[in-house]
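K.L.:
For reference, the file run.txt (compact mmCIF, N, CA and C atoms) is included below:
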# COMPACT_ATOMS: atom_id res chain seq x y z
N GLY A 185 -3.96 12.41 4.61
CA GLY A 185 -4.24 11.00 4.52
C GLY A 185 -3.66 10.25 5.69
N ASP A 186 -4.26 9.16 6.00
CA ASP A 186 -3.76 8.30 7.06
C ASP A 186 -3.12 7.08 6.43
N HIS A 187 -1.97 6.70 6.93
CA HIS A 187 -1.29 5.53 6.39
C HIS A 187 -2.10 4.28 6.69
N ARG A 188 -2.12 3.38 5.76
CA ARG A 188 -2.87 2.14 5.93
C ARG A 188 -1.98 1.07 6.53
N ASP A 189 -2.57 0.23 7.31
CA ASP A 189 -1.86 -0.87 7.96
C ASP A 189 -2.62 -2.14 7.67
N LEU A 190 -1.96 -3.11 7.09
CA LEU A 190 -2.60 -4.37 6.72
C LEU A 190 -2.45 -5.33 7.88
N HIS A 191 -3.53 -5.61 8.58
CA HIS A 191 -3.44 -6.43 9.77
C HIS A 191 -3.48 -7.92 9.51
N SER A 192 -4.34 -8.37 8.64
CA SER A 192 -4.39 -9.81 8.38
C SER A 192 -5.14 -10.09 7.10
N PHE A 193 -4.44 -10.14 6.01
CA PHE A 193 -5.10 -10.47 4.76
C PHE A 193 -5.49 -11.94 4.85
N PRO A 194 -6.72 -12.30 4.54
CA PRO A 194 -7.27 -13.61 4.90
C PRO A 194 -6.86 -14.79 4.03
N THR A 195 -5.86 -14.67 3.22
CA THR A 195 -5.46 -15.79 2.38
C THR A 195 -3.95 -15.79 2.19
N ARG A 196 -3.41 -16.91 1.83
CA ARG A 196 -1.98 -17.01 1.56
C ARG A 196 -1.70 -17.19 0.08
N ARG A 197 -2.73 -17.27 -0.75
CA ARG A 197 -2.52 -17.45 -2.17
C ARG A 197 -2.06 -16.13 -2.78
N SER A 198 -0.91 -16.15 -3.46
CA SER A 198 -0.38 -14.91 -4.04
C SER A 198 -1.31 -14.35 -5.10
N SER A 199 -2.14 -15.20 -5.71
CA SER A 199 -3.09 -14.69 -6.70
C SER A 199 -4.15 -13.80 -6.06
N ASP A 200 -4.31 -13.91 -4.74
CA ASP A 200 -5.28 -13.09 -4.03
C ASP A 200 -4.65 -11.83 -3.42
N LEU A 201 -3.38 -11.60 -3.70
CA LEU A 201 -2.70 -10.42 -3.18
C LEU A 201 -3.39 -9.17 -3.70
N PRO A 202 -3.73 -8.23 -2.82
CA PRO A 202 -4.42 -7.03 -3.27
C PRO A 202 -3.61 -6.27 -4.32
N GLU A 203 -4.30 -5.70 -5.27
CA GLU A 203 -3.66 -4.93 -6.33
C GLU A 203 -3.04 -3.67 -5.73
N CYS A 204 -1.76 -3.46 -6.00
CA CYS A 204 -1.06 -2.27 -5.50
C CYS A 204 -0.19 -1.72 -6.62
N PRO A 205 -0.47 -0.50 -7.09
CA PRO A 205 0.32 0.06 -8.18
C PRO A 205 1.76 0.37 -7.80
N ASN A 206 2.06 0.42 -6.50
CA ASN A 206 3.41 0.71 -6.04
C ASN A 206 4.15 -0.52 -5.52
N ASP A 207 3.54 -1.70 -5.66
CA ASP A 207 4.13 -2.93 -5.15
C ASP A 207 4.51 -2.82 -3.68
N ALA A 208 3.64 -2.17 -2.90
CA ALA A 208 3.91 -1.95 -1.48
C ALA A 208 3.46 -3.12 -0.60
N ILE A 209 2.67 -4.04 -1.15
CA ILE A 209 2.16 -5.16 -0.36
C ILE A 209 3.01 -6.39 -0.65
N TYR A 210 3.44 -7.05 0.41
CA TYR A 210 4.28 -8.24 0.24
C TYR A 210 3.89 -9.29 1.28
N GLN A 211 4.29 -10.52 1.02
CA GLN A 211 4.01 -11.62 1.93
C GLN A 211 5.00 -11.57 3.09
N GLY A 212 4.51 -11.34 4.31
CA GLY A 212 5.34 -11.39 5.50
C GLY A 212 5.44 -12.82 5.99
N GLU A 213 5.92 -13.00 7.21
CA GLU A 213 6.06 -14.36 7.75
C GLU A 213 4.72 -15.07 7.87
N GLU A 214 3.70 -14.36 8.34
CA GLU A 214 2.40 -14.99 8.55
C GLU A 214 1.26 -14.34 7.78
N ILE A 215 1.38 -13.06 7.49
CA ILE A 215 0.32 -12.32 6.81
C ILE A 215 0.95 -11.42 5.75
N TYR A 216 0.13 -10.88 4.87
CA TYR A 216 0.60 -9.87 3.94
C TYR A 216 0.85 -8.58 4.73
N GLU A 217 1.86 -7.85 4.32
CA GLU A 217 2.22 -6.61 5.00
C GLU A 217 2.37 -5.49 3.99
N ILE A 218 2.36 -4.25 4.47
CA ILE A 218 2.51 -3.08 3.62
C ILE A 218 3.83 -2.40 3.95
N GLU A 219 4.63 -2.15 2.92
CA GLU A 219 5.88 -1.40 3.06
C GLU A 219 5.50 0.09 3.04
N PRO A 220 5.58 0.78 4.18
CA PRO A 220 5.10 2.15 4.26
C PRO A 220 5.84 3.14 3.36
N HIS A 221 7.10 2.87 3.05
CA HIS A 221 7.86 3.79 2.21
C HIS A 221 7.50 3.65 0.73
N HIS A 222 6.70 2.65 0.39
CA HIS A 222 6.21 2.49 -0.98
C HIS A 222 4.72 2.79 -1.10
N CYS A 223 4.05 2.90 0.02
CA CYS A 223 2.60 3.14 0.01
C CYS A 223 2.31 4.63 -0.14
N THR A 224 1.50 4.98 -1.15
CA THR A 224 1.03 6.35 -1.33
C THR A 224 -0.48 6.45 -1.13
N GLU A 225 -1.08 5.37 -0.59
CA GLU A 225 -2.53 5.28 -0.48
C GLU A 225 -3.18 5.50 -1.84
N CYS A 226 -2.45 5.14 -2.88
CA CYS A 226 -2.85 5.24 -4.29
C CYS A 226 -2.97 6.69 -4.77
N VAL A 227 -2.50 7.66 -3.98
CA VAL A 227 -2.43 9.04 -4.46
C VAL A 227 -1.54 9.03 -5.70
N GLY A 228 -2.01 9.68 -6.76
CA GLY A 228 -1.29 9.70 -8.02
C GLY A 228 -1.73 8.60 -8.97
N HIS A 229 -2.40 7.58 -8.45
CA HIS A 229 -2.89 6.48 -9.27
C HIS A 229 -4.41 6.41 -9.31
N PHE A 230 -5.04 6.39 -8.13
CA PHE A 230 -6.48 6.19 -8.02
C PHE A 230 -7.06 7.13 -6.96
N ALA A 231 -8.37 7.29 -6.98
CA ALA A 231 -9.04 8.16 -6.01
C ALA A 231 -9.11 7.53 -4.62
N VAL A 232 -9.11 6.19 -4.56
CA VAL A 232 -9.16 5.50 -3.28
C VAL A 232 -8.10 4.39 -3.27
N PRO A 233 -7.56 4.04 -2.10
CA PRO A 233 -6.57 2.96 -2.03
C PRO A 233 -7.17 1.66 -2.58
N GLN A 234 -6.49 1.06 -3.54
CA GLN A 234 -7.00 -0.14 -4.19
C GLN A 234 -7.05 -1.33 -3.26
N CYS A 235 -6.13 -1.43 -2.32
CA CYS A 235 -6.15 -2.55 -1.38
C CYS A 235 -7.41 -2.50 -0.52
N VAL A 236 -7.81 -1.31 -0.12
CA VAL A 236 -9.02 -1.14 0.68
C VAL A 236 -10.24 -1.45 -0.18
N GLU A 237 -10.18 -1.02 -1.44
CA GLU A 237 -11.30 -1.22 -2.36
C GLU A 237 -11.60 -2.71 -2.59
N VAL A 238 -10.56 -3.53 -2.69
CA VAL A 238 -10.77 -4.94 -3.03
C VAL A 238 -10.79 -5.87 -1.83
N CYS A 239 -10.44 -5.40 -0.67
CA CYS A 239 -10.36 -6.27 0.52
C CYS A 239 -11.76 -6.73 0.92
N PRO A 240 -11.98 -8.04 0.95
CA PRO A 240 -13.32 -8.54 1.25
C PRO A 240 -13.70 -8.52 2.74
N VAL A 241 -12.72 -8.33 3.62
CA VAL A 241 -13.02 -8.40 5.05
C VAL A 241 -12.59 -7.16 5.83
N GLU A 242 -12.30 -6.09 5.15
CA GLU A 242 -11.92 -4.83 5.79
C GLU A 242 -10.77 -4.99 6.78
N CYS A 243 -9.72 -5.67 6.35
CA CYS A 243 -8.58 -5.90 7.25
C CYS A 243 -7.51 -4.81 7.11
N ILE A 244 -7.69 -3.88 6.19
CA ILE A 244 -6.71 -2.81 6.00
C ILE A 244 -7.26 -1.58 6.70
N ILE A 245 -6.61 -1.22 7.78
CA ILE A 245 -7.12 -0.13 8.62
C ILE A 245 -6.12 1.01 8.68
N VAL A 246 -6.58 2.15 9.14
CA VAL A 246 -5.73 3.32 9.30
C VAL A 246 -4.81 3.12 10.50
N ASP A 247 -3.54 3.43 10.33
CA ASP A 247 -2.57 3.36 11.41
C ASP A 247 -2.54 4.73 12.09
N PRO A 248 -3.09 4.86 13.30
CA PRO A 248 -3.16 6.17 13.96
C PRO A 248 -1.79 6.74 14.33
N GLU A 249 -0.78 5.89 14.35
CA GLU A 249 0.57 6.35 14.68
C GLU A 249 1.30 6.94 13.47
N ARG A 250 0.67 6.85 12.29
CA ARG A 250 1.36 7.26 11.07
C ARG A 250 0.39 7.99 10.14
N THR A 251 0.13 9.26 10.43
CA THR A 251 -0.71 10.04 9.54
C THR A 251 0.19 10.81 8.58
N GLU A 252 -0.21 10.84 7.32
CA GLU A 252 0.60 11.50 6.29
C GLU A 252 -0.30 12.39 5.43
N SER A 253 0.19 13.57 5.11
CA SER A 253 -0.59 14.51 4.31
C SER A 253 -0.64 14.05 2.86
N LYS A 254 -1.65 14.54 2.13
CA LYS A 254 -1.74 14.24 0.70
C LYS A 254 -0.51 14.75 -0.03
N GLU A 255 0.05 15.87 0.42
CA GLU A 255 1.25 16.42 -0.20
C GLU A 255 2.43 15.45 -0.06
N LEU A 256 2.59 14.89 1.14
CA LEU A 256 3.67 13.93 1.37
C LEU A 256 3.47 12.69 0.52
N LEU A 257 2.24 12.20 0.46
CA LEU A 257 1.94 11.01 -0.34
C LEU A 257 2.18 11.28 -1.82
N LEU A 258 1.85 12.48 -2.29
CA LEU A 258 2.08 12.82 -3.69
C LEU A 258 3.58 12.95 -3.98
N THR A 259 4.32 13.51 -3.05
CA THR A 259 5.78 13.60 -3.20
C THR A 259 6.38 12.20 -3.27
N ARG A 260 5.91 11.29 -2.41
CA ARG A 260 6.39 9.91 -2.44
C ARG A 260 6.05 9.25 -3.78
N TYR A 261 4.84 9.51 -4.28
CA TYR A 261 4.42 8.98 -5.58
C TYR A 261 5.40 9.41 -6.67
N HIS A 262 5.71 10.71 -6.72
CA HIS A 262 6.62 11.22 -7.75
C HIS A 262 8.01 10.61 -7.62
N THR A 263 8.48 10.44 -6.39
CA THR A 263 9.78 9.81 -6.16
C THR A 263 9.77 8.36 -6.63
N LEU A 264 8.73 7.62 -6.29
CA LEU A 264 8.64 6.22 -6.71
C LEU A 264 8.57 6.11 -8.23
N MET A 265 7.81 6.99 -8.87
CA MET A 265 7.68 6.94 -10.33
C MET A 265 9.01 7.30 -11.00
N ALA A 266 9.74 8.24 -10.43
CA ALA A 266 11.06 8.60 -10.99
C ALA A 266 12.02 7.43 -10.91
N HIS A 267 11.99 6.71 -9.79
CA HIS A 267 12.85 5.54 -9.62
C HIS A 267 12.43 4.42 -10.56
N LYS A 268 11.12 4.27 -10.75
CA LYS A 268 10.60 3.24 -11.66
C LYS A 268 11.03 3.54 -13.09
N ASP A 269 10.94 4.83 -13.50
CA ASP A 269 11.35 5.22 -14.85
C ASP A 269 12.84 4.98 -15.05
N THR A 270 13.64 5.27 -14.03
CA THR A 270 15.09 5.07 -14.11
C THR A 270 15.41 3.57 -14.23
N ALA A 271 14.71 2.76 -13.45
CA ALA A 271 14.94 1.31 -13.47
C ALA A 271 14.53 0.70 -14.81
N ASN A 272 13.47 1.26 -15.42
CA ASN A 272 13.00 0.73 -16.70
C ASN A 272 13.70 1.39 -17.87
N GLY A 273 14.44 2.46 -17.58
CA GLY A 273 15.05 3.32 -18.54
C GLY A 273 15.84 2.81 -19.59
What is this structure when it is put down as structure tokens?
P.N.:
Amino acid sequence: GDHRDLHSFPTRRSSDLPECPNDAIYQGEEIYEIEPHHCTECVGHFAVPQCVEVCPVECIIVDPERTESKELLLTRYHTLMAHKDTANG
């Protein structure tokens, strides 16, 4: 898998924030940004990245400097879920 990079989400309304099961998308200084250590490209949750699925202007693109295997993304998913379970525990 290739890591996604959010270049310019076209709105500032938090209600329009793309759905992310890992809470990897956040409001930066000027645009929404993706926290790469929380992004699994929805591996473990969905067949396709939900941010890409709902983005109306195709502003979420592949970052060629950061390619990650499905195995790495799945390992990250399991780590994030373990931390989530501990936090909710």
K.L.:
Using all atoms listed in the file, which of A:Lys268, A:Cys239, A:Asp207, A:Ala231 sits nearest Glu219 of chain A?
P.N.:
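Under the stated criterion, the closest residue is A:Asp207.
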K.L.:
For a test of reading the model, state the distance in Å between atom C of Arg260 of chain A and atom N of Gln211 of chain A, rounded to one decimal.
P.N.:
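Answer for the atom C of Arg260 of chain A to atom N of Gln211 of chain A separation: 20.4 Å.
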K.L.:
Which value, in Å to one decimal, gives the distance between atom CA of Val232 of chain A and atom CA of Ser253 of chain A?
P.N.:
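Atom CA of Val232 of chain A sits 14.6 Å away from atom CA of Ser253 of chain A.
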K.L.:
Between atom C of Val241 of chain A and atom N of His229 of chain A, measure the distance and give it in Å to one decimal.
P.N.:
22.9 Å
K.L.:
Hey, what's within 8 Å of Pro205 of chain A if we count all atoms listed in the file and toss same-chain stuff fewer than 3 positions away? As a list of chain:residue names, please?
P.N.:
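The neighbour list is A:Pro202, A:Ala208, A:Ile209, A:His222, A:Cys226, A:His229, A:Gln234, A:Cys235.
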K.L.:
Would you list the contacts of Leu258 of chain A as an MDAnalysis selection string, taking every protein, DNA or RNA residue within 6.5 Å and counting all atoms listed in the file, but skipping same-chain residues closer than 3 positions in sequence?
P.N.:
chainID A and resid 224 227:228 253:255 261:263
K.L.:
Grab all the atoms of segment 249-255 of chain A that the file lists, wrap them in a box along x, y and z, add 3 Å per side, and give me centre plus edge lengths in Å (one decimal) as JSON.
P.N.:
{"center_x": 0.3, "center_y": 11.2, "center_z": 7.2, "size_x": 10.2, "size_y": 16.5, "size_z": 20.9}
K.L.:
Assuming the input is short of atoms at segment 223-238 of chain A, produce N, CA, C and O atoms for that part as a short mmCIF file (atom, residue, chain, number, x, y, z; two decimals), in the coordinates of the input.
P.N.:
data_model
loop_
_atom_site.label_atom_id
_atom_site.label_comp_id
_atom_site.auth_asym_id
_atom_site.auth_seq_id
_atom_site.Cartn_x
_atom_site.Cartn_y
_atom_site.Cartn_z
N CYS A 223 4.05 2.90 0.02
CA CYS A 223 2.60 3.14 0.01
C CYS A 223 2.31 4.63 -0.14
O CYS A 223 2.81 5.46 0.62
N THR A 224 1.50 4.98 -1.15
CA THR A 224 1.03 6.35 -1.33
C THR A 224 -0.48 6.45 -1.13
O THR A 224 -1.07 7.47 -1.46
N GLU A 225 -1.08 5.37 -0.59
CA GLU A 225 -2.53 5.28 -0.48
C GLU A 225 -3.18 5.50 -1.84
O GLU A 225 -4.27 6.01 -1.96
N CYS A 226 -2.45 5.14 -2.88
CA CYS A 226 -2.85 5.24 -4.29
C CYS A 226 -2.97 6.69 -4.77
O CYS A 226 -3.46 6.93 -5.88
N VAL A 227 -2.50 7.66 -3.98
CA VAL A 227 -2.43 9.04 -4.46
C VAL A 227 -1.54 9.03 -5.70
O VAL A 227 -0.47 8.44 -5.71
N GLY A 228 -2.01 9.68 -6.76
CA GLY A 228 -1.29 9.70 -8.02
C GLY A 228 -1.73 8.60 -8.97
O GLY A 228 -1.48 8.67 -10.16
N HIS A 229 -2.40 7.58 -8.45
CA HIS A 229 -2.89 6.48 -9.27
C HIS A 229 -4.41 6.41 -9.31
O HIS A 229 -5.01 6.34 -10.38
N PHE A 230 -5.04 6.39 -8.13
CA PHE A 230 -6.48 6.19 -8.02
C PHE A 230 -7.06 7.13 -6.96
O PHE A 230 -6.33 7.64 -6.11
N ALA A 231 -8.37 7.29 -6.98
CA ALA A 231 -9.04 8.16 -6.01
C ALA A 231 -9.11 7.53 -4.62
O ALA A 231 -9.15 8.24 -3.62
N VAL A 232 -9.11 6.19 -4.56
CA VAL A 232 -9.16 5.50 -3.28
C VAL A 232 -8.10 4.39 -3.27
O VAL A 232 -7.75 3.86 -4.33
N PRO A 233 -7.56 4.04 -2.10
CA PRO A 233 -6.57 2.96 -2.03
C PRO A 233 -7.17 1.66 -2.58
O PRO A 233 -8.23 1.22 -2.15
N GLN A 234 -6.49 1.06 -3.54
CA GLN A 234 -7.00 -0.14 -4.19
C GLN A 234 -7.05 -1.33 -3.26
O GLN A 234 -7.95 -2.16 -3.36
N CYS A 235 -6.13 -1.43 -2.32
CA CYS A 235 -6.15 -2.55 -1.38
C CYS A 235 -7.41 -2.50 -0.52
O CYS A 235 -8.04 -3.53 -0.25
N VAL A 236 -7.81 -1.31 -0.12
CA VAL A 236 -9.02 -1.14 0.68
C VAL A 236 -10.24 -1.45 -0.18
O VAL A 236 -11.18 -2.10 0.26
N GLU A 237 -10.18 -1.02 -1.44
CA GLU A 237 -11.30 -1.22 -2.36
C GLU A 237 -11.60 -2.71 -2.59
O GLU A 237 -12.75 -3.10 -2.66
N VAL A 238 -10.56 -3.53 -2.69
CA VAL A 238 -10.77 -4.94 -3.03
C VAL A 238 -10.79 -5.87 -1.83
O VAL A 238 -11.15 -7.03 -1.96
#
